[in-house]
Amino acid sequence: MKVLYGASPEDVKGYDTERLRSAFLIADLFAADAVNFSYTHVDRLILGGAMPVEKSLTFGSGAEIGTPYLLSAREMGIANLGGKGTVTIDGKAFTLQKRDILYVGRGAKEITVASASAEAPARFYMNSVPAGADFPHRLIAKAEAKPLDLGEARRSNKRRLAMYIHPEVAPSCLLLMGITDLAEGSVWNTMPPHVHERRMEAYCYFDMADTDRVIHLMGKPEETRHLLIANGDAVLSPAWSIHMGAGTGPYAFVWGMTGENQEYNDVAPVALAELK
Ligand SMILES: O=C(O)C(=O)C[C@H](O)C(=O)CO
Ligand SMILES: [Zn+2]
């Protein structure tokens, strides 16, 4: 498991591109027939990617994190960003179409992922956070997510946010997870930008052409930095950091959050004029 220790806003002022990317960007999540996890010390979020192609992939050991199982004291959200696939938790199989999210409750021991077709493999993106309560495993189909229409086409930021792991849709201990889609022709996500001191966040950008990039902005409002993001890359947003981005072509992203609360609206918007 790769480990990211996070960084303070004061340190980030002096980071060059490479250092910034190694602290906040997680690339190469999806490799054929491999499971990749990154353990971050940003609210102890674990990010993962699994792309079964020719064979199924099994994980769940807690050896690397000091617990009997990976999810002995954690919950997890698994979003399918690729072709149809199955996730089997301790013998119970769930079928995930593209853009379905599976909530996996604390206590799961063995997780096996598989693709329905090697030609269109599933791409399972995972967020796991410490949990202090048990909630049942639950599949949330795309159609069950709660939509929220935001932005305006004339400001190039029209988008639909879909809440999946959320108290009003599928309860969890502290994980929140959803997917945001940009309307055709709109490029800007998360407008106006915001910070949320009580939660950290991670984005995974997907459904992008290989030649496109999202220019993702982060940092303290008065000290922003940018990261060039490719399809399938994830980026960490600590509580002190704004997060927003603009794509050079169509894109979508999975957002996941954890922290003190699950109040989606507990955010402090930042006026664009305050950004530097
Ligand atoms: O486009 C958006 O706006 C978002 O998707 C916002 C994220 O969900 C977010 O930052 C939640 O705090
Ligand atoms: Zn946010």
# chains A, B, ... in the order shown; residues from 1 in each chain; ligands from 1
>>> select_by_dssp(residues="segment 218-272 of chain A", states="strand (DSSP E or B)", output="CSV table (one decimal) with C-alpha atoms, in the first residue's frame")
chain,number,residue,atom,x,y,z
A,218,MET,CA,-6.4,23.5,-4.8
A,219,GLY,CA,-4.8,25.3,-1.8
A,220,LYS,CA,-5.7,28.1,0.6
A,223,GLU,CA,-2.5,30.7,-2.2
A,224,THR,CA,-3.9,28.4,-4.9
A,225,ARG,CA,-2.0,25.8,-6.9
A,226,HIS,CA,-3.0,23.7,-9.9
A,227,LEU,CA,-2.7,20.1,-10.8
A,228,LEU,CA,-3.1,18.7,-14.3
A,229,ILE,CA,-5.3,15.6,-14.0
A,234,ALA,CA,-7.6,10.9,-8.0
A,235,VAL,CA,-6.8,14.1,-6.0
A,236,LEU,CA,-6.9,14.8,-2.3
A,237,SER,CA,-8.4,17.9,-0.9
A,242,ILE,CA,-10.4,24.8,-2.0
A,243,HIS,CA,-11.3,22.4,-4.8
A,244,MET,CA,-12.6,23.2,-8.2
A,245,GLY,CA,-11.6,22.4,-11.8
A,246,ALA,CA,-12.1,23.0,-15.4
A,247,GLY,CA,-11.8,20.3,-18.1
A,252,ALA,CA,-17.2,13.4,-14.7
A,253,PHE,CA,-15.9,12.8,-11.2
A,254,VAL,CA,-16.5,10.8,-8.1
A,255,TRP,CA,-16.3,12.8,-4.9
A,256,GLY,CA,-15.9,11.2,-1.4
A,257,MET,CA,-15.8,12.8,1.9
A,258,THR,CA,-15.2,12.0,5.6
A,259,GLY,CA,-14.6,14.0,8.8
A,268,ALA,CA,-17.7,27.9,3.4
A,269,PRO,CA,-18.0,29.2,-0.2
>>> residues_near_ligand(ligand="ligand 1", cutoff="6 Å", atoms="only C-alpha atoms and all ligand atoms", output="list in words")
Leu161, Thr180, Asn189, Thr190, Met191 and Trp255 of chain A
>>> write_last_selection(atoms="N, CA and C atoms", output="tab-separated table (two decimals), in the first residue's frame")
chain	number	residue	atom	x	y	z
A	161	LEU	N	-25.18	16.83	-9.81
A	161	LEU	CA	-24.48	16.11	-8.75
A	161	LEU	C	-25.43	15.00	-8.25
A	180	THR	N	-20.50	13.58	-9.93
A	180	THR	CA	-20.94	14.82	-10.57
A	180	THR	C	-20.63	14.74	-12.06
A	189	ASN	N	-16.32	22.63	-12.57
A	189	ASN	CA	-16.98	21.98	-11.42
A	189	ASN	C	-16.79	22.82	-10.16
A	190	THR	N	-17.65	22.53	-9.20
A	190	THR	CA	-17.55	23.09	-7.84
A	190	THR	C	-17.46	24.62	-7.85
A	191	MET	N	-18.46	25.19	-8.47
A	191	MET	CA	-18.56	26.65	-8.52
A	191	MET	C	-19.73	27.11	-7.68
A	255	TRP	N	-16.83	12.09	-6.05
A	255	TRP	CA	-16.34	12.77	-4.85
A	255	TRP	C	-16.64	11.90	-3.64
>>> residues_near_ligand(ligand="ligand 2", cutoff="7 Å", atoms="only C-alpha atoms and all ligand atoms", output="PyMOL selection string")
chain A and resi 194-196+201+243
>>> write_last_selection(atoms="N, CA and C atoms", output="PDB file, in the first residue's frame")
ATOM      1  N   HIS A 194     -15.197  26.138  -2.563  1.00  0.00           N
ATOM      2  CA  HIS A 194     -15.448  26.228  -1.122  1.00  0.00           C
ATOM      3  C   HIS A 194     -14.370  25.467  -0.364  1.00  0.00           C
ATOM      4  N   VAL A 195     -14.354  25.695   0.939  1.00  0.00           N
ATOM      5  CA  VAL A 195     -13.588  24.822   1.844  1.00  0.00           C
ATOM      6  C   VAL A 195     -14.595  24.237   2.832  1.00  0.00           C
ATOM      7  N   HIS A 196     -14.249  23.095   3.438  1.00  0.00           N
ATOM      8  CA  HIS A 196     -15.062  22.574   4.545  1.00  0.00           C
ATOM      9  C   HIS A 196     -14.105  22.063   5.611  1.00  0.00           C
ATOM     10  N   GLU A 201     -11.869  15.817   1.429  1.00  0.00           N
ATOM     11  CA  GLU A 201     -12.556  15.306   0.244  1.00  0.00           C
ATOM     12  C   GLU A 201     -11.539  14.718  -0.728  1.00  0.00           C
ATOM     13  N   HIS A 243     -11.339  23.351  -3.705  1.00  0.00           N
ATOM     14  CA  HIS A 243     -11.268  22.356  -4.781  1.00  0.00           C
ATOM     15  C   HIS A 243     -12.241  22.795  -5.853  1.00  0.00           C
TER      16      HIS A 243
END
>>> residues_around(residues="Leu81 of chain A", least_positions_apart="4", cutoff="7 Å", atoms="only C-alpha atoms", output="list in words")
Lys98, Arg99, Ala122, Arg123 and Phe124 of chain A
>>> select_by_dssp(residues="segment 21-255 of chain A", states="alpha helix (DSSP H)", output="list in words")
Arg21, Ser22, Ala23 and Phe24 of chain A
>>> atom_distance(atom1="atom CA of Ser22 of chain A", atom2="atom CA of Val35 of chain A")
19.6 Å
>>> decode(residues="segment 135-250 of chain A", atoms="C-alpha atoms", output="PDB file, in the first residue's frame")
ATOM      1  CA  PHE A 135     -24.453  -0.382   8.496  1.00  0.00           C
ATOM      2  CA  PRO A 136     -25.564  -3.114   6.081  1.00  0.00           C
ATOM      3  CA  HIS A 137     -23.895  -3.558   2.701  1.00  0.00           C
ATOM      4  CA  ARG A 138     -26.068  -1.898   0.104  1.00  0.00           C
ATOM      5  CA  LEU A 139     -26.037  -1.439  -3.646  1.00  0.00           C
ATOM      6  CA  ILE A 140     -27.083   2.054  -4.747  1.00  0.00           C
ATOM      7  CA  ALA A 141     -28.009   2.043  -8.439  1.00  0.00           C
ATOM      8  CA  LYS A 142     -27.475   5.206 -10.441  1.00  0.00           C
ATOM      9  CA  ALA A 143     -31.267   5.713 -10.609  1.00  0.00           C
ATOM     10  CA  GLU A 144     -31.535   5.675  -6.800  1.00  0.00           C
ATOM     11  CA  ALA A 145     -29.031   8.473  -6.218  1.00  0.00           C
ATOM     12  CA  LYS A 146     -30.436  11.856  -5.198  1.00  0.00           C
ATOM     13  CA  PRO A 147     -29.800  14.399  -7.972  1.00  0.00           C
ATOM     14  CA  LEU A 148     -28.956  18.048  -7.424  1.00  0.00           C
ATOM     15  CA  ASP A 149     -28.854  20.358 -10.439  1.00  0.00           C
ATOM     16  CA  LEU A 150     -26.318  23.131 -10.100  1.00  0.00           C
ATOM     17  CA  GLY A 151     -24.804  25.955 -12.149  1.00  0.00           C
ATOM     18  CA  GLU A 152     -25.730  27.663 -15.382  1.00  0.00           C
ATOM     19  CA  ALA A 153     -24.800  26.959 -19.001  1.00  0.00           C
ATOM     20  CA  ARG A 154     -24.062  30.656 -19.604  1.00  0.00           C
ATOM     21  CA  ARG A 155     -21.422  30.458 -16.865  1.00  0.00           C
ATOM     22  CA  SER A 156     -20.030  27.149 -18.241  1.00  0.00           C
ATOM     23  CA  ASN A 157     -20.712  25.363 -14.950  1.00  0.00           C
ATOM     24  CA  LYS A 158     -24.028  23.555 -15.402  1.00  0.00           C
ATOM     25  CA  ARG A 159     -23.796  20.142 -13.796  1.00  0.00           C
ATOM     26  CA  ARG A 160     -25.731  17.389 -12.041  1.00  0.00           C
ATOM     27  CA  LEU A 161     -24.481  16.109  -8.749  1.00  0.00           C
ATOM     28  CA  ALA A 162     -25.774  12.686  -7.656  1.00  0.00           C
ATOM     29  CA  MET A 163     -25.646  11.718  -3.984  1.00  0.00           C
ATOM     30  CA  TYR A 164     -25.282   7.980  -3.378  1.00  0.00           C
ATOM     31  CA  ILE A 165     -23.782   7.344   0.046  1.00  0.00           C
ATOM     32  CA  HIS A 166     -25.611  10.051   1.927  1.00  0.00           C
ATOM     33  CA  PRO A 167     -27.978  10.046   4.954  1.00  0.00           C
ATOM     34  CA  GLU A 168     -30.997  10.710   2.702  1.00  0.00           C
ATOM     35  CA  VAL A 169     -30.169   7.875   0.291  1.00  0.00           C
ATOM     36  CA  ALA A 170     -27.998   5.202   1.886  1.00  0.00           C
ATOM     37  CA  PRO A 171     -26.789   5.842   5.435  1.00  0.00           C
ATOM     38  CA  SER A 172     -23.212   5.240   6.494  1.00  0.00           C
ATOM     39  CA  CYS A 173     -21.117   6.032   9.517  1.00  0.00           C
ATOM     40  CA  LEU A 174     -19.059   8.953   8.143  1.00  0.00           C
ATOM     41  CA  LEU A 175     -18.455   8.292   4.443  1.00  0.00           C
ATOM     42  CA  LEU A 176     -20.213  10.426   1.827  1.00  0.00           C
ATOM     43  CA  MET A 177     -19.898   9.577  -1.852  1.00  0.00           C
ATOM     44  CA  GLY A 178     -21.404  10.708  -5.113  1.00  0.00           C
ATOM     45  CA  ILE A 179     -20.804  11.481  -8.772  1.00  0.00           C
ATOM     46  CA  THR A 180     -20.935  14.822 -10.571  1.00  0.00           C
ATOM     47  CA  ASP A 181     -21.512  15.120 -14.320  1.00  0.00           C
ATOM     48  CA  LEU A 182     -20.916  18.239 -16.362  1.00  0.00           C
ATOM     49  CA  ALA A 183     -23.582  19.280 -18.864  1.00  0.00           C
ATOM     50  CA  GLU A 184     -22.423  19.331 -22.473  1.00  0.00           C
ATOM     51  CA  GLY A 185     -20.375  22.462 -23.082  1.00  0.00           C
ATOM     52  CA  SER A 186     -19.891  23.239 -19.379  1.00  0.00           C
ATOM     53  CA  VAL A 187     -16.370  22.882 -18.051  1.00  0.00           C
ATOM     54  CA  TRP A 188     -16.254  24.136 -14.446  1.00  0.00           C
ATOM     55  CA  ASN A 189     -16.976  21.983 -11.424  1.00  0.00           C
ATOM     56  CA  THR A 190     -17.552  23.093  -7.845  1.00  0.00           C
ATOM     57  CA  MET A 191     -18.560  26.653  -8.523  1.00  0.00           C
ATOM     58  CA  PRO A 192     -18.370  28.632  -6.341  1.00  0.00           C
ATOM     59  CA  PRO A 193     -15.355  26.908  -4.814  1.00  0.00           C
ATOM     60  CA  HIS A 194     -15.448  26.228  -1.122  1.00  0.00           C
ATOM     61  CA  VAL A 195     -13.588  24.822   1.844  1.00  0.00           C
ATOM     62  CA  HIS A 196     -15.062  22.574   4.545  1.00  0.00           C
ATOM     63  CA  GLU A 197     -13.012  22.613   7.727  1.00  0.00           C
ATOM     64  CA  ARG A 198     -14.903  19.670   9.156  1.00  0.00           C
ATOM     65  CA  ARG A 199     -14.380  17.284   6.248  1.00  0.00           C
ATOM     66  CA  MET A 200     -11.694  16.290   3.801  1.00  0.00           C
ATOM     67  CA  GLU A 201     -12.556  15.306   0.244  1.00  0.00           C
ATOM     68  CA  ALA A 202     -11.131  13.271  -2.622  1.00  0.00           C
ATOM     69  CA  TYR A 203     -12.057  13.504  -6.303  1.00  0.00           C
ATOM     70  CA  CYS A 204     -11.495  10.856  -8.975  1.00  0.00           C
ATOM     71  CA  TYR A 205     -11.899  12.239 -12.485  1.00  0.00           C
ATOM     72  CA  PHE A 206     -13.129   9.786 -15.148  1.00  0.00           C
ATOM     73  CA  ASP A 207     -14.855   9.432 -18.524  1.00  0.00           C
ATOM     74  CA  MET A 208     -12.192  11.681 -20.054  1.00  0.00           C
ATOM     75  CA  ALA A 209     -10.446  11.298 -23.385  1.00  0.00           C
ATOM     76  CA  ASP A 210      -6.802  10.312 -22.929  1.00  0.00           C
ATOM     77  CA  THR A 211      -5.745  13.546 -24.588  1.00  0.00           C
ATOM     78  CA  ASP A 212      -7.813  15.771 -22.269  1.00  0.00           C
ATOM     79  CA  ARG A 213      -6.897  17.121 -18.848  1.00  0.00           C
ATOM     80  CA  VAL A 214      -8.740  18.693 -15.944  1.00  0.00           C
ATOM     81  CA  ILE A 215      -6.941  21.671 -14.483  1.00  0.00           C
ATOM     82  CA  HIS A 216      -7.733  21.094 -10.828  1.00  0.00           C
ATOM     83  CA  LEU A 217      -7.232  23.971  -8.411  1.00  0.00           C
ATOM     84  CA  MET A 218      -6.360  23.476  -4.764  1.00  0.00           C
ATOM     85  CA  GLY A 219      -4.759  25.285  -1.846  1.00  0.00           C
ATOM     86  CA  LYS A 220      -5.692  28.052   0.565  1.00  0.00           C
ATOM     87  CA  PRO A 221      -7.901  30.584  -1.225  1.00  0.00           C
ATOM     88  CA  GLU A 222      -5.149  33.207  -1.115  1.00  0.00           C
ATOM     89  CA  GLU A 223      -2.454  30.742  -2.250  1.00  0.00           C
ATOM     90  CA  THR A 224      -3.856  28.432  -4.941  1.00  0.00           C
ATOM     91  CA  ARG A 225      -1.965  25.790  -6.877  1.00  0.00           C
ATOM     92  CA  HIS A 226      -2.963  23.719  -9.890  1.00  0.00           C
ATOM     93  CA  LEU A 227      -2.654  20.060 -10.823  1.00  0.00           C
ATOM     94  CA  LEU A 228      -3.071  18.671 -14.338  1.00  0.00           C
ATOM     95  CA  ILE A 229      -5.260  15.599 -14.012  1.00  0.00           C
ATOM     96  CA  ALA A 230      -5.666  12.728 -16.482  1.00  0.00           C
ATOM     97  CA  ASN A 231      -8.467  10.190 -16.818  1.00  0.00           C
ATOM     98  CA  GLY A 232      -8.693   7.933 -13.744  1.00  0.00           C
ATOM     99  CA  ASP A 233      -6.499  10.085 -11.505  1.00  0.00           C
ATOM    100  CA  ALA A 234      -7.625  10.943  -7.989  1.00  0.00           C
ATOM    101  CA  VAL A 235      -6.760  14.060  -6.025  1.00  0.00           C
ATOM    102  CA  LEU A 236      -6.872  14.763  -2.299  1.00  0.00           C
ATOM    103  CA  SER A 237      -8.417  17.887  -0.870  1.00  0.00           C
ATOM    104  CA  PRO A 238      -7.561  18.453   2.792  1.00  0.00           C
ATOM    105  CA  ALA A 239      -9.998  20.444   4.939  1.00  0.00           C
ATOM    106  CA  TRP A 240      -8.057  23.691   4.388  1.00  0.00           C
ATOM    107  CA  SER A 241      -8.030  23.475   0.599  1.00  0.00           C
ATOM    108  CA  ILE A 242     -10.406  24.797  -2.013  1.00  0.00           C
ATOM    109  CA  HIS A 243     -11.268  22.356  -4.781  1.00  0.00           C
ATOM    110  CA  MET A 244     -12.553  23.207  -8.229  1.00  0.00           C
ATOM    111  CA  GLY A 245     -11.570  22.353 -11.757  1.00  0.00           C
ATOM    112  CA  ALA A 246     -12.077  22.993 -15.449  1.00  0.00           C
ATOM    113  CA  GLY A 247     -11.790  20.341 -18.147  1.00  0.00           C
ATOM    114  CA  THR A 248     -10.440  20.668 -21.668  1.00  0.00           C
ATOM    115  CA  GLY A 249     -13.128  18.162 -22.736  1.00  0.00           C
ATOM    116  CA  PRO A 250     -16.007  16.147 -21.265  1.00  0.00           C
TER     117      PRO A 250
END
